[in-house]
There are 2 protein chains.
Amino acid sequence: MPNSAAVDAALNAADANIETSLERLFDLLRIKSISTDPAFNAETRKAGEVLVEQLAALGFDSSLRDTPGHPMVVAHHEGPEGAPHVLFYGHYDVQPVDPIELWDTPPFEPHIAEVNGAKRVYARGSSDDKGQLLTFIEACRAWKDTAGSLPCRVTVFLEGEEESGSPSLYDFLEEAKDELKADIALVCDTSMWNADTPAITTTLRGMAAGEITIQAASRDLHSGHYGGAAANPIHVLTKIMADLHAEDGSVTLEGFYDGVEEVPEDVKRSWEALDFSTAEFLGEIGLSMPAGEANRSVLEQTWSRPTAEINGIDGGYTGDGFKTVIAAKASAKFSCRLVGTQDPQKVMAAMRKHIDERLPEDCTAEIAEYGMGPATQLPWDMPHLTAARQALTEEWGTETALIGSGGSIPVVGNFKRQLGMNSLLVGFALDSDAIHSPNEKYELKSYHKGIRSWVRILDALADVTG
Amino acid sequence: MPNSAAVDAALNAADANIETSLERLFDLLRIKSISTDPAFNAETRKAGEVLVEQLAALGFDSSLRDTPGHPMVVAHHEGPEGAPHVLFYGHYDVQPVDPIELWDTPPFEPHIAEVNGAKRVYARGSSDDKGQLLTFIEACRAWKDTAGSLPCRVTVFLEGEEESGSPSLYDFLEEAKDELKADIALVCDTSMWNADTPAITTTLRGMAAGEITIQAASRDLHSGHYGGAAANPIHVLTKIMADLHAEDGSVTLEGFYDGVEEVPEDVKRSWEALDFSTAEFLGEIGLSMPAGEANRSVLEQTWSRPTAEINGIDGGYTGDGFKTVIAAKASAKFSCRLVGTQDPQKVMAAMRKHIDERLPEDCTAEIAEYGMGPATQLPWDMPHLTAARQALTEEWGTETALIGSGGSIPVVGNFKRQLGMNSLLVGFALDSDAIHSPNEKYELKSYHKGIRSWVRILDALADVTG
């Protein structure tokens, strides 16, 4: 059977089975696999177990591997002699659901609603990343159901700690190096350019994230008795944090821009040619002005420039009403998004210095590190990229955009550094999916055509050698 | 009979009757007058009734006045022709007793225990404020028992809602203005400088307190997708808050120091002469350096200088672990302690301006007001102050300290603004009395010499004219 007929058969199977594909997605979405909250440890493990079972049923040699944190799913399936070996990566854990009161329906009771003629799956994790990872597994199912085999040798590797900083990833990859090393990694955790235009993400920002805790007095104080004399850790913290940015929006950490390079002119031009409206991008979230570095486009700001953001701040009395208290301590969670060859360790050291320089003698500052990873840049001329791009263009009938991503997908850096393996980042999420927010959703079209896209990509990659 | 002989007679009577004075204190302490808990409404009323009876027995025209809350005690006694009219204020309600398990003996079973040679009365309210208010009534008794009259015209005004925010005070004072307006108010609800040194509190700081909420995007955002382009309300808030103070610790709000005057040199010198150790004061709370305005002593900082403190800050993800979120909003609770003639409304308006000047166009800021009240400053040259100070110095054999208080006593502001009346704050509590805490106590010496002090002060004030 020539490739095209086999692809058509698999695509038809994907279409015919979409209802049962959705049932499997709903089963997975009902599991509260919030990895960052220990109260959900058992549920998180259960999500991994369900996926191990699904993969085993498809003929994968599938197992759950324990780690000091949440377990990894590893599943192997042979491919034709001489076909490439691809490693598929996704994560089965999800973000917390707070603020729960802003959800229109319960986050772990998935349902389909039609908005402006488009069907959407609403649930925490529908887009990030359970819906996305299942597009690949369901594509494998379509191939197995029709050809009885897969076009490539496939290893599926699913993590349960992506939303809590992947603390066990490094050690696990070190141990399982030989088992997981493939010709190329396929990572499904990114977005399309827009609802009609598929995209492959070729640049990813890295990260240096942590939490600062400032301690002043040994106990909370009455602001009448002590106010004006006692150090207030919230004042110290706001000063440290306010000083992170200069007037022009640039980050003031010493040496922060070492390793940050300008994007090549032709790439910059292709970004300018994209159908992108700053007013719409910001207007959709209630804003009107780019807030970061001056004289940079929003695509530059989010794809090719580093940031230092405060993700959370907490100190003193935060309940209803008022309390005349001077807190003993205050804390802030922060994350620096990195580009080029910025070194996360050096950035964290610069943060430490920035804090120490602003710390009164009798206050202390502790920094906890939450996640560290350098940025990633895919080689523009890689044959896997060309093949996957063409397959996506065929499925969607529109030229595939090569885009950057402001987010970090640390595993891509780990694959590169630990396994010497590049990653193709193909995903079907939309910016409107509200991932990490209340009312997260995944377009039914993303799910269905995502499955079809992987059917085609697996076939296209089978022909790539080397 | 010359004054001195009359005073000696009254002092001797106070000494001779100390045992029965204590019995009357114990009777009052046994009544569970917890004003904030409706379960104790009847007990709270009973405490008022007992005091009305005690005052009537002393020849006062004494009555219980109903309010929408707990009743007020008002009692009048005539004085010699031309003698000043003094209004004595105290409160007969007490704080709740939780955590009850930390009391060594039941809070409403008063008893005397000797610690390091000093006898103490242990009970809820022994110091705050039943013991203190009875020092004045027992002084009146000593005068009546010996002279058959009082040296001044006296009105006693006792509140039963001080520990629950004085909700009925304003309206009651408005209605009873003519009846309560006197030449001077005597308020017995403050502390001595130390166990041997009497004090008159001459400055009380005021307050302008509120909460700022900064709103940026219409929803929480993923810091990867939007970081570098979208406004982060925590950045905006930390910038606004960090800018509240200059490098020298002064507050930057426009016009903030309008109405703030330097303390007279002689008062400053008397503060310097007080037995006060900055190292001990700060060391006890784990600090070593005064953190407020540069080149000011701690006593200046807390008694005579205004502050702007952040009492709480909250925004973004503050749970365990980490979340790559850019929050939609962030908030901070703040309070400015005011001195001199600083205007709370003007301070709040300056805060509004400070915020607006630092607010990006597409962010909004809301301010909720939590509490507003000007400071109190007794005129340094007031003859009542001079007379009372001298009387206290004679009783205690040590120079009376003129001190400030960093906190607020709202009734003093009400007397000033509603009745145009200054207050002399004379109290015999000690910092070690554990008011509002388990095992509250009042030194027997405070009670006994407190009575004797009022005997002398009433006599001294009789000679003050105008």
# chains A, B, ... in the order shown; residues from 1 in each chain; ligands from 1

call {"tool": "interface_residues", "arguments": {"of": "chain A", "to": "chain B", "cutoff": "6 Å", "atoms": "only C-alpha atoms", "output": "PyMOL selection string"}}
result
chain A and resi 217-218+224-225+228-231+238-239+242+285-287+290-292+298+301-302+307+311-318+325-326+362+406-407

call {"tool": "select_by_dssp", "arguments": {"residues": "segment 340-466 of chain B", "states": "helix (DSSP H, G or I)", "output": "PyMOL selection string"}}
result
chain B and resi 344-357+383-396+410-419+431-433+444-462

call {"tool": "write_last_selection", "arguments": {"atoms": "C-alpha atoms", "output": "PDB file, in the first residue's frame"}}
result
ATOM      1  CA  PRO B 344      -6.081  62.863  57.118  1.00  0.00           C
ATOM      2  CA  GLN B 345      -8.194  63.872  54.106  1.00  0.00           C
ATOM      3  CA  LYS B 346      -5.299  65.761  52.544  1.00  0.00           C
ATOM      4  CA  VAL B 347      -2.958  62.840  53.195  1.00  0.00           C
ATOM      5  CA  MET B 348      -5.409  60.493  51.493  1.00  0.00           C
ATOM      6  CA  ALA B 349      -5.699  62.897  48.541  1.00  0.00           C
ATOM      7  CA  ALA B 350      -1.901  63.046  48.276  1.00  0.00           C
ATOM      8  CA  MET B 351      -1.830  59.231  48.254  1.00  0.00           C
ATOM      9  CA  ARG B 352      -4.383  59.239  45.422  1.00  0.00           C
ATOM     10  CA  LYS B 353      -2.190  61.687  43.477  1.00  0.00           C
ATOM     11  CA  HIS B 354       0.965  59.660  44.196  1.00  0.00           C
ATOM     12  CA  ILE B 355      -0.739  56.588  42.778  1.00  0.00           C
ATOM     13  CA  ASP B 356      -2.247  58.315  39.741  1.00  0.00           C
ATOM     14  CA  GLU B 357       1.120  59.791  38.773  1.00  0.00           C
ATOM     15  CA  PRO B 383      -1.544  75.216  82.925  1.00  0.00           C
ATOM     16  CA  HIS B 384      -3.526  72.016  83.653  1.00  0.00           C
ATOM     17  CA  LEU B 385      -0.580  70.032  82.310  1.00  0.00           C
ATOM     18  CA  THR B 386       1.887  71.932  84.481  1.00  0.00           C
ATOM     19  CA  ALA B 387      -0.286  71.496  87.574  1.00  0.00           C
ATOM     20  CA  ALA B 388      -0.923  67.779  87.051  1.00  0.00           C
ATOM     21  CA  ARG B 389       2.733  67.145  86.262  1.00  0.00           C
ATOM     22  CA  GLN B 390       3.825  68.770  89.498  1.00  0.00           C
ATOM     23  CA  ALA B 391       1.271  66.835  91.553  1.00  0.00           C
ATOM     24  CA  LEU B 392       2.454  63.547  90.066  1.00  0.00           C
ATOM     25  CA  THR B 393       6.087  64.431  90.681  1.00  0.00           C
ATOM     26  CA  GLU B 394       5.299  65.149  94.334  1.00  0.00           C
ATOM     27  CA  GLU B 395       3.518  61.827  94.791  1.00  0.00           C
ATOM     28  CA  TRP B 396       6.141  59.650  93.080  1.00  0.00           C
ATOM     29  CA  PRO B 410     -10.034  57.723  69.658  1.00  0.00           C
ATOM     30  CA  VAL B 411     -12.029  59.271  72.552  1.00  0.00           C
ATOM     31  CA  VAL B 412      -9.362  61.966  72.916  1.00  0.00           C
ATOM     32  CA  GLY B 413     -10.006  63.027  69.326  1.00  0.00           C
ATOM     33  CA  ASN B 414     -13.767  63.017  69.963  1.00  0.00           C
ATOM     34  CA  PHE B 415     -13.398  65.217  73.046  1.00  0.00           C
ATOM     35  CA  LYS B 416     -11.270  67.645  71.056  1.00  0.00           C
ATOM     36  CA  ARG B 417     -13.379  67.841  67.920  1.00  0.00           C
ATOM     37  CA  GLN B 418     -16.875  67.419  69.389  1.00  0.00           C
ATOM     38  CA  LEU B 419     -16.507  69.181  72.739  1.00  0.00           C
ATOM     39  CA  ASP B 431       3.928  47.739  79.753  1.00  0.00           C
ATOM     40  CA  SER B 432       4.167  44.435  81.635  1.00  0.00           C
ATOM     41  CA  ASP B 433       0.454  44.480  82.585  1.00  0.00           C
ATOM     42  CA  LEU B 444      -1.098  47.103  93.807  1.00  0.00           C
ATOM     43  CA  LYS B 445       1.333  50.009  93.883  1.00  0.00           C
ATOM     44  CA  SER B 446      -0.265  51.413  90.712  1.00  0.00           C
ATOM     45  CA  TYR B 447      -3.698  51.175  92.324  1.00  0.00           C
ATOM     46  CA  HIS B 448      -2.705  52.644  95.684  1.00  0.00           C
ATOM     47  CA  LYS B 449      -0.428  55.409  94.432  1.00  0.00           C
ATOM     48  CA  GLY B 450      -2.807  56.006  91.526  1.00  0.00           C
ATOM     49  CA  ILE B 451      -5.528  56.909  94.058  1.00  0.00           C
ATOM     50  CA  ARG B 452      -3.076  59.134  95.912  1.00  0.00           C
ATOM     51  CA  SER B 453      -2.008  60.740  92.608  1.00  0.00           C
ATOM     52  CA  TRP B 454      -5.573  61.748  91.763  1.00  0.00           C
ATOM     53  CA  VAL B 455      -6.063  63.116  95.277  1.00  0.00           C
ATOM     54  CA  ARG B 456      -3.157  65.472  94.570  1.00  0.00           C
ATOM     55  CA  ILE B 457      -4.107  66.231  90.939  1.00  0.00           C
ATOM     56  CA  LEU B 458      -7.675  67.206  91.892  1.00  0.00           C
ATOM     57  CA  ASP B 459      -6.232  69.609  94.430  1.00  0.00           C
ATOM     58  CA  ALA B 460      -3.655  71.004  91.971  1.00  0.00           C
ATOM     59  CA  LEU B 461      -6.239  71.548  89.219  1.00  0.00           C
ATOM     60  CA  ALA B 462      -8.468  73.472  91.635  1.00  0.00           C
TER      61      ALA B 462
END

call {"tool": "residues_around", "arguments": {"residues": "Ser21 of chain A", "least_positions_apart": "2", "cutoff": "9 Å", "atoms": "only C-alpha atoms", "output": "PyMOL selection string"}}
result
chain A and resi 14+17-19+23-26+134-135+138+448

call {"tool": "residues_around", "arguments": {"residues": "Asp183 of chain B", "least_positions_apart": "2", "cutoff": "9 Å", "atoms": "only C-alpha atoms", "output": "NGL selection string"}}
result
:B and (84-87 or 181 or 185 or 421-422 or 466)

call {"tool": "select_by_dssp", "arguments": {"residues": "segment 85-269 of chain B", "states": "strand (DSSP E)", "output": "ChimeraX atom specification"}}
result
/B:85-91,111-115,118-122,153-159,184-187,199-204,206-215,221-222

call {"tool": "closest_residue", "arguments": {"among": "A:Gly69, A:Gly427, A:Leu58, A:Leu22", "to": "Ser149 of chain A", "atoms": "only C-alpha atoms"}}
result
A:Leu58
